[in-house]
Every structure is written in C-alpha cells, then in structure tokens.
Protein chains: 2
Amino acid sequence: MATQKGSTELRPPEGGEAETVEGRPMRADARRNRELLVAAAKEVFSSQGAGASMEAIAKQAGVGVGTLYRHFPNRLDLVEAVYQTDVEELWESAQRVVAELEPWAAVEAFFVAFRRYAQTKQALMAELHQAFEKNPDMRSRARSLIESSFDLVIDRAKAAGAVRGDVTGSDLMQLVSPVCTNTSIEPDQAARLLRMVLDGMRADAARTAFA
Amino acid sequence: MATQKGSTELRPPEGGEAETVEGRPMRADARRNRELLVAAAKEVFSSQGAGASMEAIAKQAGVGVGTLYRHFPNRLDLVEAVYQTDVEELWESAQRVVAELEPWAAVEAFFVAFRRYAQTKQALMAELHQAFEKNPDMRSRARSLIESSFDLVIDRAKAAGAVRGDVTGSDLMQLVSPVCTNTSIEPDQAARLLRMVLDGMRADAARTAFA
DNA sequence: TATTATACGGAGGGTGCCTCCGGTTAGCAA
DNA sequence: TTGCTAACCGGAGGCACCCTCCGTATAATA
C-alpha cells in the first residue's frame, strides 16, 4: 500500500529540474528565472484570476516576455508548471505533517492543506482542463501523487489506531476532492462536509455495516 | 414532487423570447438572425471546439459580427444562450420520451438524451465555468430544469411500477451527472456505469437495505 | 407610398499570445 | 585574471481575436 515515489518523478521529462535536454546543467540565471516565473505566475493568477496576461506575469517576475516564453513555450505549459508545483507542495505537506504531528492531528492538518490546494486548482480549472486534454499523462501522474499523499497520512493513522481500518487513501481522495472542487458547494457547506468525513473516518466511528 | 415549469421560465429576463426590453415584438429579421446565430454557434463550437472565434460563428450564420454582438453583447452571453437551448432541449426530450414511449423505455431513452447533453456541456465547460460565476442564477435555474426533467421521467416510471420507489430524480441527477461529465472516466466506463445505474433502479432490483 | 424606428455589416481600435534577433552574461579553460 | 563561446535576456512587433461604431438597409406602420 502506498508505494510513494520521490516528487521528481511527477515532472515531465522535458520540463526538467535543473538540467537542459542534453543533460547539461541549467545556467544559474536561467534556473533562477524559471523559479521566479513560476512563483510570479502563482501570485498573479491568484490575485488577478486565471485570465491574467503573460505580460503581467513576466513583469511580476521582473523579466521580459521573451524569457517567459523561453522557459514555457506557451500559456498552457506555464499553467501546467504551476499546477505541478501545487501538487508537489501537497505531497510535501503530507510528508511534513507526518513528520511533525501526531497521527490524527496530521490527518486534520492534511485536510487543510488539501483544501488550499483545491482552491488554487479551482482558479485554474478552465485552463487546466485544456492542459489535461493535451497531456493526459500529467493528469494521471498528478492523481497518483495526490493519492500517495493521502495514503501516507492515512496509513500511518490507521497503524496508530486513530483511523478505521476499512478506509483507503484512494477512497478519501474520491470523497474529498469533489467536495472541495465542485463550485455548486458553498465554502461553509464544504467545511461542514469535511468535518463529517473526518468524524466518519475515526476508528471509533465504524458502526454501519452493509453489503 | 416535480412541479415542472414551462421551459420559458428558464430564460433570463433580458434575453427574451421574441420581445425587446420594452415589450415590443422583435422585428422578423432580428428574430430570424438570433436563431440563426445560436444554431451557428452550436454547429461551430462542436466542429471547431470551444475556442472558435466570434467571426467564424457570424460567418457560419451568414451575418456580420456587428449583428452577432447586437444580439449577444459578449462571448459569454452567446455561450450562455447555447447552453440554455441545450438544457431546454433536454427538457423537451423528457417530454417527448414520456409522450411517445413506455415508462421503462422512456427512462432508457432519456439517459441517452442526457449523455448527449452532457457531451456538449463538456465541450463548453471552460467557458461555462466563467458564465456560471458571472451569473449564478443561470446555474441553479438550469439545474432545477434538469432535475424536473429527471423527475418527469422517473415519477412516471415509478407510478407504473417499473422503477423502485425509493429513488428520486434529484438522486439520479447527482449520480449520473458526474459519470457523464468527469473527464477522467472513459466513455466505455461511463456506459458501463450507466447500465449499472439503470439495472439498479429497476423495481425488482431493490434488495440491499442499510441505515 | 412615405416615414421612421430598428436592424445590419464590416472596418478598425485595443489587447493578448507568441516570435525574432541584437545585446548581454555565465561558465570554462588557459 | 582574462578571453572565449554557448546560452540566456529583453522588448519591439506580427498576428489573431474580441468588441465598438456608425453609415446604410429594411421591416413595420399609416
């Protein structure tokens, strides 16, 4: 259960970490700018909405649009990169809460992190939809990393006896994800539903049996 | 249960049927062009994708862009209008299958119609998302008309003893809609799931009891 | 048929995505 | 440290698209 892979595996082959295609390390300025750009995109998307212009993002990063397009050949590639880092951050959150908190507290903290992740995802939804179409691999890789994150937190809580034994990370993802993503669910309703799910997954909550 | 309203109620106050704002009837050419434009938009969106240009739509309708923008002040208004007619067509499908088919056959036929509706909705998803944000009323009105459509078909089948008594139109909508809309479900998987739902809602299928 | 309110059409303004190429700089070798 | 070169940077500008404006055409009415 939950064979978790290192976070690097999520990244697409070309979009590399610190290497250019031929295996040569990126120049320091290039690497710095790439990170600045992703951070700027995150910032601008969340403040101006998903429709923010590429120019605005380049400006926020303090570089020209040419530099932006060198790193991300088109808008979708940038959106993709932002989403990748969001998913990776979620995975890191899972690792952090597991390292720092008691099993049950970690579960609660991870739910909070997941909600934050889902919110930024929602903002990029329209564009992400296209990105997923163009690049179906990314979707499934992201999905499996998210599932691993849930597994990491849940399996530990199960082992500690804090969470009932018949629930899996995958179950939770399928249950929680729509609640956080569906726009027809109001934020306070979502919060209520999540509390309900949390209550229902405690080890001492299991009562209902059905086929 | 299922107090169904006439389809006209779905339309927004301003987007009127055949009347301009002051209650004056639309000129014949204006009315004709409006219909041509919606039909053209439907056609072009489905052949060229949701990103199709306004110019292409006007051309397909055989009018100038000025005329398009007279009827639909911006892109989102047009998308909205297309979606409205899709929902109305679904409602009309419900009425038609109820009028023409046996209770159970009507249920099956309506599922087919719903899948067709969901497909066109999926194509416009990205833009619709924005339209819903701008105009939340539309979403809930569309939702309730869809629910009424399910109710119309299901209530009749329940009365005829073809469908189990403990299922509602709303339940079905909530169950079927994600299956048809979620892009991570493959078409053949969706078809399998729908068959399963159909089997499960037959009157003689009720066996499992749980709290 | 004459009048008039209303609709039509398409040129053009503004904006946004993306390309191109001259200038600059990091990394390396001597 | 210095000089070389491959790689990077920046922003002007091309192109496509959304939308506006206004002169022309036409349906409705008397």
# chains A, B, ... in the order shown; residues from 1 in each chain; ligands from 1
>>> interface_residues(of="chain B", to="chain D", cutoff="8 Å", atoms="only C-alpha atoms (C1' of nucleotides)", output="ChimeraX atom specification")
/B:27-29,53-54,69,74
>>> interface_residues(of="chain C", to="chain A", cutoff="9 Å", atoms="only C-alpha atoms (C1' of nucleotides)", output="VMD selection string")
chain C and resid 16 to 19 26 to 27
>>> atom_distance(atom1="CA of Val167 in chain B", atom2="CA of Val197 in chain B")
11.2 Å
>>> atom_distance(atom1="CA of Leu152 in chain B", atom2="CA of Thr168 in chain B")
10.3 Å
>>> select_by_dssp(residues="range 8-206 of chain A", states="strand (DSSP E or B)", output="ChimeraX atom specification")
/A:19,25,163,202
